[in-house]
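These notes are about the structure you will find just below.
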Amino acid sequence: MPPQKGWTAVQVGHVALAVTIASFAPEITGAAGVPRVKALSVESLVVVFLAHYLPNFDVFPIKLGWATDRFHCSYSHSLPFAVAVAAALWPFNPSWAVLALVSLVLHFVADSGSSVGLPLLLPFSKKRFSLYLWADTGHSGWFAFKSTYQQAWTWVTEGGMFVVLAARFYQLRVWPFN
Amino acid sequence: MFDYRRTPYLGLVYAAAIGFAVTYLIETPDRPLTLAQMAIFYVLSYLPGLGLAMLSDPAPGRAKAEYLKVDYYAPKEPARPAE
């Protein structure tokens with residue numbers, strides 16, 4: 001089994017998805033009835049990026065030797081975790097809570113094609129959900145990165161996300177579509 | 001990465017279709033896309049276009065099947081002491 005060395009992030013499509021979510025910040029916060037956050041503002045980008053990448057921060061305890069590789073895609077990839085994060089943020093800033101909830105849930109949607117499967121109901125159920133569009137080859141490292149993009153559906157889904165992001169840039173008149 | 005030489009070229013065909021569809025759907029009459037902006041859409045469309053082309057190529061499917069056989073999260077075996 002190839003070593004999962006290095007910090008190479010897998011799935012660059014998460015970047016495009018996070019920026020796209022931040023581009024919808026006014027619509028998301030408006031629909032939830034909380035104070036609106038401006039599209040692609042520093043606030044929306046910081047909150048969305050932190051929340052969207054939060055589930056993958058489970059790699060840090062693994063890299064530090066505090067947890068085994070199996071810790072990846074476990075508790076941080078469950079719906080109760082997303083609700084808990086949103087609930088923790090709500091008293092401080094309801095808009096951030098709503099943006100974080102949407103970012104976390106869409107992280108799970110983006111990961112749903114991976115064969116590793118998401119334990120969405122953890123800790124209530126260990127059942128893992130997956131669409132099995134591509135084979136998971138580890139949480140980090142060059143091998144995981146390279147092998148992910150040897151498979152078709154990662155190009156379809158993640159590449160498609162960059163096209164959607166470009167469309168949003170056009171709609172919002174963001175460079176180079178201003 | 002590919003078994004068929006046609007796969008990257010087939011990706012171009014899919015990219016053209018995706019790029020055309022997306023620009024047709026989002027472009028508004030008061031803000032026509034410039035040639036450079038349209039090129040950005042067509043270049044980006046190559047990413048999912050290539051993925052769609054890869055679906056009809058055996059190599060990516062074979063790679064997926066091989067990777068599915070391995071549990072990349074299995075606990076590592078402790079190193080054997082040197083004798």
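Following the order of the structure tokens, chains are lettered A, B, ..., residues in each are numbered from 1, and ligands are numbered from 1.
Across chain A, DSSP run on the backbone finds strand (DSSP E or B) at A:Ser114, A:Leu118, A:Phe129, A:Trp134.
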I need the chosen residues saved as a PDB file, in the first residue's frame, with C-alpha atoms.
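The new file selection_16.pdb reads:
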ATOM      1  CA  SER A 114     -15.978   8.494  -3.252  1.00  0.00           C
ATOM      2  CA  LEU A 118     -19.672   8.857   4.317  1.00  0.00           C
ATOM      3  CA  PHE A 129     -23.246   6.160   2.031  1.00  0.00           C
ATOM      4  CA  TRP A 134     -14.546   6.811  -8.014  1.00  0.00           C
TER       5      TRP A 134
END
Using only C-alpha atoms, determine which residues of chain A fall within 7 Å of chain B; present them as a VMD selection string.
chain A and resid 1 69 to 70 134 to 135 137 to 138 150 to 153 155 to 157 159 to 160 162 to 163 167 177
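CA of Ala84 in chain A lies 23.4 Å from CA of Thr68 in chain A.
Our summary of the geometry notes that CA of Tyr149 in chain A is positioned 10.8 Å from CA of Asp136 in chain A.
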Residue contacts of range 36-48 of chain A (10 Å, only C-alpha atoms) excluding same-chain residues fewer than 4 positions away, as a PyMOL selection string
chain A and resi 17-32+52-54+94-104+169+172+174
Keeping only N, CA and C atoms, write the selected residues to a file as a compact mmCIF listing (two decimals), in the first residue's frame.
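Result file is selection.txt:
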# COMPACT_ATOMS: atom_id res chain seq x y z
N LEU A 17 -16.01 24.66 -5.51
CA LEU A 17 -17.31 24.57 -4.83
C LEU A 17 -17.41 25.60 -3.71
N ALA A 18 -16.32 25.76 -2.96
CA ALA A 18 -16.34 26.72 -1.85
C ALA A 18 -16.55 28.15 -2.37
N VAL A 19 -15.85 28.51 -3.43
CA VAL A 19 -16.01 29.87 -3.99
C VAL A 19 -17.43 30.04 -4.53
N THR A 20 -17.96 28.97 -5.15
CA THR A 20 -19.34 29.04 -5.66
C THR A 20 -20.33 29.25 -4.53
N ILE A 21 -20.15 28.54 -3.41
CA ILE A 21 -21.04 28.73 -2.26
C ILE A 21 -20.95 30.18 -1.78
N ALA A 22 -19.72 30.70 -1.69
CA ALA A 22 -19.54 32.09 -1.23
C ALA A 22 -20.21 33.07 -2.19
N SER A 23 -20.29 32.70 -3.47
CA SER A 23 -20.95 33.57 -4.44
C SER A 23 -22.46 33.60 -4.23
N PHE A 24 -22.98 32.57 -3.58
CA PHE A 24 -24.41 32.51 -3.29
C PHE A 24 -24.73 32.97 -1.86
N ALA A 25 -23.76 33.56 -1.17
CA ALA A 25 -23.95 33.93 0.24
C ALA A 25 -25.21 34.78 0.48
N PRO A 26 -25.49 35.80 -0.35
CA PRO A 26 -26.70 36.60 -0.08
C PRO A 26 -27.98 35.78 -0.21
N GLU A 27 -28.02 34.91 -1.21
CA GLU A 27 -29.22 34.08 -1.42
C GLU A 27 -29.39 33.09 -0.26
N ILE A 28 -28.28 32.47 0.16
CA ILE A 28 -28.36 31.46 1.23
C ILE A 28 -28.80 32.11 2.54
N THR A 29 -28.14 33.21 2.91
CA THR A 29 -28.48 33.86 4.18
C THR A 29 -29.86 34.51 4.10
N GLY A 30 -30.20 35.04 2.93
CA GLY A 30 -31.52 35.65 2.76
C GLY A 30 -32.64 34.64 2.90
N ALA A 31 -32.45 33.47 2.29
CA ALA A 31 -33.47 32.43 2.35
C ALA A 31 -33.67 31.92 3.77
N ALA A 32 -32.59 31.97 4.58
CA ALA A 32 -32.68 31.48 5.96
C ALA A 32 -33.21 32.54 6.91
N HIS A 52 -16.13 24.64 4.83
CA HIS A 52 -16.11 23.63 3.77
C HIS A 52 -14.93 22.67 3.94
N TYR A 53 -13.81 23.20 4.42
CA TYR A 53 -12.62 22.34 4.59
C TYR A 53 -12.55 21.71 5.98
N LEU A 54 -13.40 22.16 6.89
CA LEU A 54 -13.36 21.64 8.25
C LEU A 54 -13.41 20.11 8.33
N PRO A 94 -25.57 34.20 13.43
CA PRO A 94 -26.48 33.27 12.72
C PRO A 94 -26.16 33.14 11.23
N SER A 95 -25.67 34.21 10.62
CA SER A 95 -25.33 34.14 9.18
C SER A 95 -24.18 33.16 8.96
N TRP A 96 -23.18 33.23 9.83
CA TRP A 96 -22.06 32.30 9.72
C TRP A 96 -22.55 30.86 9.94
N ALA A 97 -23.48 30.69 10.87
CA ALA A 97 -24.00 29.35 11.16
C ALA A 97 -24.67 28.76 9.92
N VAL A 98 -25.47 29.58 9.25
CA VAL A 98 -26.19 29.10 8.06
C VAL A 98 -25.20 28.78 6.94
N LEU A 99 -24.24 29.70 6.73
CA LEU A 99 -23.24 29.47 5.67
C LEU A 99 -22.41 28.22 5.96
N ALA A 100 -22.06 28.04 7.23
CA ALA A 100 -21.27 26.86 7.62
C ALA A 100 -22.06 25.58 7.38
N LEU A 101 -23.34 25.59 7.74
CA LEU A 101 -24.16 24.39 7.56
C LEU A 101 -24.24 24.01 6.07
N VAL A 102 -24.50 25.01 5.24
CA VAL A 102 -24.60 24.74 3.79
C VAL A 102 -23.25 24.26 3.25
N SER A 103 -22.16 24.90 3.69
CA SER A 103 -20.82 24.52 3.22
C SER A 103 -20.48 23.09 3.62
N LEU A 104 -20.82 22.73 4.85
CA LEU A 104 -20.53 21.38 5.32
C LEU A 104 -21.35 20.33 4.57
N PHE A 169 -19.18 33.73 -11.94
CA PHE A 169 -18.36 34.93 -12.13
C PHE A 169 -18.97 35.81 -13.22
N LEU A 172 -22.06 37.51 -11.76
CA LEU A 172 -21.75 38.53 -10.74
C LEU A 172 -20.77 39.58 -11.27
N VAL A 174 -17.68 39.33 -12.09
CA VAL A 174 -16.36 39.22 -11.46
C VAL A 174 -15.31 39.02 -12.56
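Taking CA of Ala86 in chain A and CA of Gln171 in chain A as endpoints, the distance between them is 28.7 Å.
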Close residues, Gln11 in chain A itself excluded, 9 Å, only C-alpha atoms, min 2 positions apart in chain, as a PDB file with N, CA and C atoms, in the first residue's frame:
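Final output, saved to result.pdb:
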ATOM      1  N   ALA A   9      -3.329  17.977  -1.126  1.00  0.00           N
ATOM      2  CA  ALA A   9      -4.768  17.912  -0.909  1.00  0.00           C
ATOM      3  C   ALA A   9      -5.420  17.159  -2.057  1.00  0.00           C
ATOM      4  N   GLY A  13     -11.584  20.170  -6.663  1.00  0.00           N
ATOM      5  CA  GLY A  13     -12.929  20.679  -6.933  1.00  0.00           C
ATOM      6  C   GLY A  13     -13.563  21.343  -5.726  1.00  0.00           C
ATOM      7  N   HIS A  14     -13.073  21.002  -4.511  1.00  0.00           N
ATOM      8  CA  HIS A  14     -13.602  21.638  -3.302  1.00  0.00           C
ATOM      9  C   HIS A  14     -13.361  23.156  -3.332  1.00  0.00           C
ATOM     10  N   VAL A  15     -12.251  23.574  -3.959  1.00  0.00           N
ATOM     11  CA  VAL A  15     -11.943  25.012  -4.032  1.00  0.00           C
ATOM     12  C   VAL A  15     -13.038  25.716  -4.842  1.00  0.00           C
ATOM     13  N   ASP A 111     -18.264  14.797  -1.676  1.00  0.00           N
ATOM     14  CA  ASP A 111     -17.533  13.570  -1.328  1.00  0.00           C
ATOM     15  C   ASP A 111     -18.351  12.305  -1.574  1.00  0.00           C
ATOM     16  N   PHE A 145      -3.567  11.802  -4.746  1.00  0.00           N
ATOM     17  CA  PHE A 145      -3.911  12.874  -5.681  1.00  0.00           C
ATOM     18  C   PHE A 145      -3.889  12.354  -7.124  1.00  0.00           C
ATOM     19  N   THR A 148      -6.551   9.683  -7.943  1.00  0.00           N
ATOM     20  CA  THR A 148      -7.909  10.234  -7.996  1.00  0.00           C
ATOM     21  C   THR A 148      -8.208  10.747  -9.399  1.00  0.00           C
ATOM     22  N   TYR A 149      -7.192  11.384 -10.005  1.00  0.00           N
ATOM     23  CA  TYR A 149      -7.416  11.986 -11.319  1.00  0.00           C
ATOM     24  C   TYR A 149      -7.068  11.039 -12.468  1.00  0.00           C
ATOM     25  N   THR A 154     -14.101  11.947 -11.377  1.00  0.00           N
ATOM     26  CA  THR A 154     -13.536  13.097 -10.665  1.00  0.00           C
ATOM     27  C   THR A 154     -13.382  14.282 -11.623  1.00  0.00           C
ATOM     28  N   GLU A 158     -15.620  17.464 -10.636  1.00  0.00           N
ATOM     29  CA  GLU A 158     -14.806  18.601 -10.189  1.00  0.00           C
ATOM     30  C   GLU A 158     -14.573  19.597 -11.320  1.00  0.00           C
TER      31      GLU A 158
END
Apply DSSP to the backbone of this structure and, from range 25-84 of chain A, keep only the residues in helix (DSSP H, G or I); write these as a ChimeraX atom specification.
/A:25-32,42-63,69-71,75-77,79-84
Write a file of the just-selected residues containing C-alpha atoms, as a tab-separated table (two decimals), in the first residue's frame.
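So selection_2.tsv came out as:
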chain	number	residue	atom	x	y	z
A	25	ALA	CA	-23.95	33.93	0.24
A	26	PRO	CA	-26.70	36.60	-0.08
A	27	GLU	CA	-29.22	34.08	-1.42
A	28	ILE	CA	-28.36	31.46	1.23
A	29	THR	CA	-28.48	33.86	4.18
A	30	GLY	CA	-31.52	35.65	2.76
A	31	ALA	CA	-33.47	32.43	2.35
A	32	ALA	CA	-32.68	31.48	5.96
A	42	VAL	CA	-13.94	38.44	2.62
A	43	GLU	CA	-16.42	37.39	5.32
A	44	SER	CA	-18.25	34.94	3.08
A	45	LEU	CA	-15.04	33.48	1.65
A	46	VAL	CA	-13.40	32.99	5.06
A	47	VAL	CA	-16.49	31.43	6.67
A	48	VAL	CA	-17.28	29.20	3.70
A	49	PHE	CA	-13.69	28.03	3.15
A	50	LEU	CA	-13.14	27.23	6.84
A	51	ALA	CA	-16.45	25.39	7.11
A	52	HIS	CA	-16.11	23.63	3.77
A	53	TYR	CA	-12.62	22.34	4.59
A	54	LEU	CA	-13.36	21.64	8.25
A	55	PRO	CA	-14.32	17.97	7.65
A	56	ASN	CA	-10.92	17.35	6.04
A	57	PHE	CA	-9.09	18.81	9.04
A	58	ASP	CA	-9.47	15.29	10.44
A	59	VAL	CA	-6.20	14.65	8.61
A	60	PHE	CA	-4.30	16.75	11.18
A	61	PRO	CA	-4.67	14.31	14.11
A	62	ILE	CA	-3.76	11.48	11.72
A	63	LYS	CA	-0.61	13.27	10.56
A	69	ASP	CA	-6.00	6.57	8.96
A	70	ARG	CA	-9.55	5.29	9.56
A	71	PHE	CA	-10.33	8.51	11.43
A	75	TYR	CA	-17.13	11.86	12.67
A	76	SER	CA	-16.29	15.02	10.72
A	77	HIS	CA	-18.23	13.74	7.74
A	79	LEU	CA	-24.71	15.34	9.47
A	80	PRO	CA	-24.81	15.60	13.29
A	81	PHE	CA	-21.31	17.16	13.09
A	82	ALA	CA	-22.57	19.73	10.57
A	83	VAL	CA	-25.54	20.55	12.79
A	84	ALA	CA	-23.29	20.79	15.85
